[in-house]
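Visitor: Sending over a structure as structure tokens; questions will come in a sec.
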Amino acid sequence: WGSVSDGVMLDFSQNNDRIKACKWYIDHVRSRFNEMNYKNLELAGFYWIAEHAGDTRTIVNEIAGYLNELHYTFNWIPYFKSEGYSEWKTFGFNYAYLQPNHFFNETIPYSRLTDACQLAIAYGMDMEMEFDERVLMGWGYRLKDYMKAFKENGIWQNKRLAYYQGGTALYQLARSNKQEDQELYHQFCNFVIESVQR
């Protein structure tokens with residue numbers, strides 16, 4: 001992989017080297033962010049990109065401890081029933097947002113959203129809303145499904161929400177000349193605004 005500040009080459013088959021690289025990355029991001037001297041932007045936390053516990057379960061606790069010492073949140077967004085999703089607290093994450101993975105496959109029924117909501121409630125997790133450009137190609141109903149299910153199951157009222165939009169989907173919705181796209185854009189924006197204000 002390379003080395004960090006001491007010139008010693010890191011070997012990612014060794015947990016200590018993987019942890020060392022993660023800490024270097026965290027410090028590098030903090031330094032670069034601070035150099036920018038933003039007036040209205042705060043670096044509040046870090047996101048763990050692996051969407052399942054897999055081979056990171058042996059290092060994640062130490063990284064969580066490091067971030068907590070620095071007073072940053074540590075956030076995770078595992079996919080639906082991925083390995084270790086229900087163990088998120090033992091890994092040291094401050095917040096875990098469950099992905100329903102409903103939007104992307106039309107063969108996945110609405111019940112997946114209900115199931116995901118119930119799992120999130122059972123394991124003290126928050127939730128992610130997901131969509132991409134297909135929202136402009138007749139799949140808008142699937143984004144509406146998320147909003148409906150999150151309200152019906154108390155997620156919208158009681159949980160934190162993370163948002164994933166593939167590419168420029170939201171921008172394209174806002175710029176679309178189709179009335180149905182404009183209506184969906186405003187429905188989504190109101191959903192977000194009201195969830196923040198509650």
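Residues in the structure tokens are named by chain (A, B, ... in the order shown) and by number from 1 within that chain; ligands are numbered from 1 in the order shown.
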Taking the chain letters and numbering used in this document, name the residues of chain A that DSSP puts in helix (DSSP H, G or I), as a ChimeraX atom specification.
Guide: /A:15-36,54-56,60-69,85-87,111-122,133-136,140-152,155-158,169-175,179-197
Visitor: Identify, on the basis of only C-alpha atoms, every residue whose closest approach to Gly92 (chain A) does not exceed 12 Å; exclude the query and any residue fewer than 2 positions from it along the same chain; express the result as a PDB file with C-alpha atoms, in the first residue's frame.
Guide:
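Resulting contents of selection_34.pdb:
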ATOM      1  CA  TRP A  48     -17.197   3.729   7.495  1.00  0.00           C
ATOM      2  CA  ARG A  57     -14.705  -6.313  12.377  1.00  0.00           C
ATOM      3  CA  THR A  58     -11.197  -6.887  13.791  1.00  0.00           C
ATOM      4  CA  ILE A  59     -10.130  -3.237  13.416  1.00  0.00           C
ATOM      5  CA  VAL A  60     -13.245  -1.126  13.673  1.00  0.00           C
ATOM      6  CA  ASN A  61     -13.364  -0.894  17.490  1.00  0.00           C
ATOM      7  CA  GLU A  62      -9.968   0.748  17.713  1.00  0.00           C
ATOM      8  CA  ILE A  63     -10.879   3.233  15.003  1.00  0.00           C
ATOM      9  CA  ALA A  64     -14.128   3.996  16.830  1.00  0.00           C
ATOM     10  CA  GLY A  65     -12.186   4.650  20.013  1.00  0.00           C
ATOM     11  CA  TYR A  66      -9.782   6.963  18.195  1.00  0.00           C
ATOM     12  CA  LEU A  67     -12.611   8.996  16.681  1.00  0.00           C
ATOM     13  CA  ASN A  68     -14.441   9.237  19.989  1.00  0.00           C
ATOM     14  CA  THR A  73     -19.042  10.639  15.410  1.00  0.00           C
ATOM     15  CA  PHE A  74     -18.476   7.312  13.696  1.00  0.00           C
ATOM     16  CA  ASN A  75     -21.256   6.393  11.259  1.00  0.00           C
ATOM     17  CA  TRP A  76     -22.134   3.197   9.409  1.00  0.00           C
ATOM     18  CA  GLU A  87     -23.908  -5.829  16.083  1.00  0.00           C
ATOM     19  CA  TRP A  88     -23.264  -2.202  15.195  1.00  0.00           C
ATOM     20  CA  LYS A  89     -23.107  -1.040  18.808  1.00  0.00           C
ATOM     21  CA  THR A  90     -20.463  -3.620  19.722  1.00  0.00           C
ATOM     22  CA  ASN A  94     -22.236   6.077  17.204  1.00  0.00           C
ATOM     23  CA  TYR A  95     -24.928   5.784  14.547  1.00  0.00           C
ATOM     24  CA  ALA A  96     -25.922   3.027  12.134  1.00  0.00           C
TER      25      ALA A  96
END
Visitor: Enumerate the residues of region 32-84 of chain A with a DSSP assignment of strand (DSSP E or B), computed from the backbone, and present them as number ranges by chain.
Guide: A: 45-48, 73-76
Visitor: Would you mind listing what lies within 9 Å of Thr114 (chain A) as number ranges by chain, with only C-alpha atoms counted and same-chain residues fewer than 5 positions away left out?
Guide: A: 100, 119, 149-150, 152-153
Visitor: Store the residues of this selection in a file with N, CA, C and O atoms, as a PDB file, in the first residue's frame.
Guide:
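Now in selection-v8.pdb:
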ATOM      1  N   PRO A 100     -32.622  -0.222   3.330  1.00  0.00           N
ATOM      2  CA  PRO A 100     -33.642  -1.201   2.940  1.00  0.00           C
ATOM      3  C   PRO A 100     -33.330  -1.890   1.608  1.00  0.00           C
ATOM      4  O   PRO A 100     -33.779  -3.000   1.366  1.00  0.00           O
ATOM      5  N   LEU A 119     -36.681  -3.997  11.718  1.00  0.00           N
ATOM      6  CA  LEU A 119     -35.324  -4.372  12.136  1.00  0.00           C
ATOM      7  C   LEU A 119     -34.600  -3.178  12.738  1.00  0.00           C
ATOM      8  O   LEU A 119     -33.917  -3.300  13.761  1.00  0.00           O
ATOM      9  N   ALA A 149     -43.609   4.336   3.939  1.00  0.00           N
ATOM     10  CA  ALA A 149     -43.228   3.330   4.934  1.00  0.00           C
ATOM     11  C   ALA A 149     -42.563   3.963   6.147  1.00  0.00           C
ATOM     12  O   ALA A 149     -42.796   3.551   7.289  1.00  0.00           O
ATOM     13  N   PHE A 150     -41.720   4.963   5.923  1.00  0.00           N
ATOM     14  CA  PHE A 150     -41.036   5.615   7.039  1.00  0.00           C
ATOM     15  C   PHE A 150     -42.029   6.341   7.949  1.00  0.00           C
ATOM     16  O   PHE A 150     -41.844   6.378   9.163  1.00  0.00           O
ATOM     17  N   GLU A 152     -45.383   5.487   8.168  1.00  0.00           N
ATOM     18  CA  GLU A 152     -46.268   4.461   8.749  1.00  0.00           C
ATOM     19  C   GLU A 152     -45.622   3.714   9.907  1.00  0.00           C
ATOM     20  O   GLU A 152     -46.301   3.273  10.834  1.00  0.00           O
ATOM     21  N   ASN A 153     -44.293   3.567   9.857  1.00  0.00           N
ATOM     22  CA  ASN A 153     -43.591   2.780  10.869  1.00  0.00           C
ATOM     23  C   ASN A 153     -42.880   3.617  11.932  1.00  0.00           C
ATOM     24  O   ASN A 153     -42.104   3.084  12.727  1.00  0.00           O
TER      25      ASN A 153
END
Visitor: May I have the residues within 7 Å of Asp132 (chain A) as a ChimeraX atom specification, using only C-alpha atoms and disregarding those fewer than 2 positions away in the same chain?
Guide: /A:134-135,165-167,169
Visitor: Which residue gives the smallest distance to Asp17 (chain A) among A:Gly138, A:Ser3, A:Lys148, A:Ser82, with only C-alpha atoms counted?
Guide: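 Smallest separation from Asp17 (chain A) among the options: A:Ser3.
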Visitor: Hey, what's within 10 Å of Gln182 (chain A) if we count only C-alpha atoms and toss same-chain stuff fewer than 6 positions away? As JSON, numbers by chain, please?
Guide: {"A": [172, 173, 174, 175, 176, 188]}
Visitor: Give me, as a ChimeraX atom specification, all polymer residues having an atom no more than 12 Å from Phe131 (chain A), counting only C-alpha atoms and skipping those fewer than 3 positions away in the same chain.
Guide: /A:99-105,128,134-137,139-147,162-170,173,188
Visitor: Counting only C-alpha atoms, which residue out of A:Ser111, A:Asn34, A:Thr56, A:Asn190 sits closest to Cys22 (chain A)?
Guide: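 Checking each candidate against Cys22 (chain A), we get A:Thr56 as the closest.
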Visitor: Of the candidates A:Ser5, A:Thr107, A:Asn158, A:Ser13, which one gets nearest to Asp55 (chain A) if we count only C-alpha atoms?
Guide: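 Among the listed residues, the smallest separation from Asp55 (chain A) belongs to A:Ser13.
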